[in-house]
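S.K.: First the structure, then my questions, so here it is.
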Amino acid sequence: MQTLDTVSEGEIVRVIKVMGGMRIAQRLLEWGLVPDALVQVVFNNKHGPIIIKANDATIAIGRGTAKKILVEKVSMNG
């Protein structure tokens, strides 16, 4: 497992857990970033916000928030 800020561009990951308080959890819930949600990292140059696609929406997430989202890589081979 890893945090969202370490995922490379183009990779698809599954949200495992949000590590943070109620405020961040509520914001991520509104975006659909809940456990078992699939997320594709569109842009991550290791500086500045991370751009992801989730639930047919494109979302920019700050690095601090991304460090609180625990994810695992998804195998697309079945």
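In the structure tokens, the first chain shown is A, the next is B, and so on; residue numbers restart at 1 for each chain, and ligands run from 1 in the order shown.
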Which residues, written as a PyMOL selection string, have at least one atom at most 9 Å from Pro49 (chain A), with only C-alpha atoms counted and residues fewer than 5 positions away on the same chain left out?
M.R.: chain A and resi 5+43-44+60-64+66
S.K.: Please write the residues from the selection above to a file, keeping N, CA and C atoms, as an mmCIF file, in the first residue's frame.
M.R.:
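File again.cif, as written:
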data_model
loop_
_atom_site.group_PDB
_atom_site.id
_atom_site.type_symbol
_atom_site.label_atom_id
_atom_site.label_comp_id
_atom_site.auth_asym_id
_atom_site.auth_seq_id
_atom_site.Cartn_x
_atom_site.Cartn_y
_atom_site.Cartn_z
ATOM 1 N N ASP A 5 -0.146 10.503 -3.013
ATOM 2 C CA ASP A 5 0.879 11.415 -3.536
ATOM 3 C C ASP A 5 2.061 10.699 -4.171
ATOM 4 N N PHE A 43 -2.170 13.492 -13.430
ATOM 5 C CA PHE A 43 -0.978 14.342 -13.388
ATOM 6 C C PHE A 43 -0.379 14.310 -11.994
ATOM 7 N N ASN A 44 0.915 14.008 -11.928
ATOM 8 C CA ASN A 44 1.636 14.044 -10.666
ATOM 9 C C ASN A 44 3.109 14.257 -10.974
ATOM 10 N N ALA A 60 -8.526 18.140 -8.595
ATOM 11 C CA ALA A 60 -7.180 18.517 -8.156
ATOM 12 C C ALA A 60 -7.128 18.383 -6.637
ATOM 13 N N ILE A 61 -6.143 17.651 -6.159
ATOM 14 C CA ILE A 61 -5.993 17.413 -4.726
ATOM 15 C C ILE A 61 -4.611 17.899 -4.298
ATOM 16 N N GLY A 62 -4.567 18.664 -3.234
ATOM 17 C CA GLY A 62 -3.293 19.125 -2.698
ATOM 18 C C GLY A 62 -2.457 17.965 -2.180
ATOM 19 N N ARG A 63 -1.166 18.156 -2.178
ATOM 20 C CA ARG A 63 -0.259 17.082 -1.748
ATOM 21 C C ARG A 63 -0.496 16.678 -0.294
ATOM 22 N N GLY A 64 -0.796 17.632 0.565
ATOM 23 C CA GLY A 64 -1.052 17.311 1.966
ATOM 24 C C GLY A 64 -2.247 16.390 2.127
ATOM 25 N N ALA A 66 -3.446 14.438 -0.321
ATOM 26 C CA ALA A 66 -3.105 13.178 -0.987
ATOM 27 C C ALA A 66 -2.283 12.266 -0.087
#
S.K.: So which residues of region 3-75 of chain A fall under strand (DSSP E) by DSSP, listed as a ChimeraX atom specification?
M.R.: /A:3,12-18,38-43,50-54,57-61,69-73
S.K.: Keeping only C-alpha atoms, write those residues as a PDB file, in the first residue's frame.
M.R.:
ATOM      1  CA  THR A   3      -0.339   7.104  -0.254  1.00  0.00           C
ATOM      2  CA  ILE A  12      -5.183   3.225 -11.351  1.00  0.00           C
ATOM      3  CA  VAL A  13      -5.509   2.671  -7.621  1.00  0.00           C
ATOM      4  CA  ARG A  14      -8.206   1.714  -5.127  1.00  0.00           C
ATOM      5  CA  VAL A  15      -8.809   3.851  -2.054  1.00  0.00           C
ATOM      6  CA  ILE A  16      -8.203   1.809   1.091  1.00  0.00           C
ATOM      7  CA  LYS A  17      -8.501   4.380   3.860  1.00  0.00           C
ATOM      8  CA  VAL A  18      -8.582   8.105   4.513  1.00  0.00           C
ATOM      9  CA  LEU A  38     -11.139   3.569  -8.115  1.00  0.00           C
ATOM     10  CA  VAL A  39      -8.960   6.553  -8.959  1.00  0.00           C
ATOM     11  CA  GLN A  40      -6.710   7.230 -11.944  1.00  0.00           C
ATOM     12  CA  VAL A  41      -3.815   9.620 -11.495  1.00  0.00           C
ATOM     13  CA  VAL A  42      -3.784  11.982 -14.476  1.00  0.00           C
ATOM     14  CA  PHE A  43      -0.978  14.342 -13.388  1.00  0.00           C
ATOM     15  CA  ILE A  50      -2.224  15.973  -8.055  1.00  0.00           C
ATOM     16  CA  ILE A  51      -4.891  15.688 -10.748  1.00  0.00           C
ATOM     17  CA  ILE A  52      -7.055  12.561 -10.575  1.00  0.00           C
ATOM     18  CA  LYS A  53     -10.090  11.119 -12.301  1.00  0.00           C
ATOM     19  CA  ALA A  54     -12.723   9.562 -10.075  1.00  0.00           C
ATOM     20  CA  ALA A  57     -14.899  13.820 -12.568  1.00  0.00           C
ATOM     21  CA  THR A  58     -11.452  15.403 -12.737  1.00  0.00           C
ATOM     22  CA  ILE A  59     -10.272  16.618  -9.333  1.00  0.00           C
ATOM     23  CA  ALA A  60      -7.180  18.517  -8.156  1.00  0.00           C
ATOM     24  CA  ILE A  61      -5.993  17.413  -4.726  1.00  0.00           C
ATOM     25  CA  ILE A  69      -5.276   8.841   1.283  1.00  0.00           C
ATOM     26  CA  LEU A  70      -4.025   5.266   1.530  1.00  0.00           C
ATOM     27  CA  VAL A  71      -4.346   3.363  -1.766  1.00  0.00           C
ATOM     28  CA  GLU A  72      -3.347   0.101  -3.421  1.00  0.00           C
ATOM     29  CA  LYS A  73      -2.534  -0.535  -7.063  1.00  0.00           C
TER      30      LYS A  73
END
S.K.: When DSSP is applied to the backbone of this structure, which of region 4-46 of chain A are assigned alpha helix (DSSP H)? Write them out as a list in words.
M.R.: Met22, Arg23, Ile24, Ala25, Gln26, Arg27, Leu28, Leu29 and Glu30 of chain A
S.K.: Generate the output file for the selected residues, N, CA and C atoms, as an mmCIF file, in the first residue's frame.
M.R.:
data_model
loop_
_atom_site.group_PDB
_atom_site.id
_atom_site.type_symbol
_atom_site.label_atom_id
_atom_site.label_comp_id
_atom_site.auth_asym_id
_atom_site.auth_seq_id
_atom_site.Cartn_x
_atom_site.Cartn_y
_atom_site.Cartn_z
ATOM 1 N N MET A 22 -12.535 14.436 10.538
ATOM 2 C CA MET A 22 -13.864 14.452 9.919
ATOM 3 C C MET A 22 -13.955 15.457 8.777
ATOM 4 N N ARG A 23 -13.262 16.564 8.898
ATOM 5 C CA ARG A 23 -13.337 17.598 7.861
ATOM 6 C C ARG A 23 -12.815 17.098 6.516
ATOM 7 N N ILE A 24 -11.637 16.473 6.537
ATOM 8 C CA ILE A 24 -11.089 15.951 5.285
ATOM 9 C C ILE A 24 -11.909 14.765 4.784
ATOM 10 N N ALA A 25 -12.347 13.915 5.700
ATOM 11 C CA ALA A 25 -13.154 12.762 5.305
ATOM 12 C C ALA A 25 -14.448 13.212 4.636
ATOM 13 N N GLN A 26 -15.075 14.250 5.152
ATOM 14 C CA GLN A 26 -16.321 14.761 4.573
ATOM 15 C C GLN A 26 -16.079 15.326 3.180
ATOM 16 N N ARG A 27 -15.007 16.089 3.013
ATOM 17 C CA ARG A 27 -14.688 16.666 1.703
ATOM 18 C C ARG A 27 -14.453 15.562 0.668
ATOM 19 N N LEU A 28 -13.686 14.546 1.051
ATOM 20 C CA LEU A 28 -13.407 13.446 0.133
ATOM 21 C C LEU A 28 -14.664 12.631 -0.155
ATOM 22 N N LEU A 29 -15.527 12.482 0.826
ATOM 23 C CA LEU A 29 -16.800 11.793 0.623
ATOM 24 C C LEU A 29 -17.635 12.522 -0.430
ATOM 25 N N GLU A 30 -17.657 13.838 -0.367
ATOM 26 C CA GLU A 30 -18.407 14.628 -1.345
ATOM 27 C C GLU A 30 -17.873 14.415 -2.758
#
S.K.: Go through A:Thr6, A:Glu11, A:Trp31, A:Gly20 and flag the residue nearest Lys68 (chain A), using only C-alpha atoms for the distances.
M.R.: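 Answer, going by the shortest atom-to-atom distance: A:Gly20.
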S.K.: Which is closest to Gln2 (chain A) among A:Lys67, A:Gly21, A:Asn55, A:Val74, if we use only C-alpha atoms?
M.R.: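 When distances to Gln2 (chain A) are compared using only C-alpha atoms, the smallest one comes from A:Lys67.
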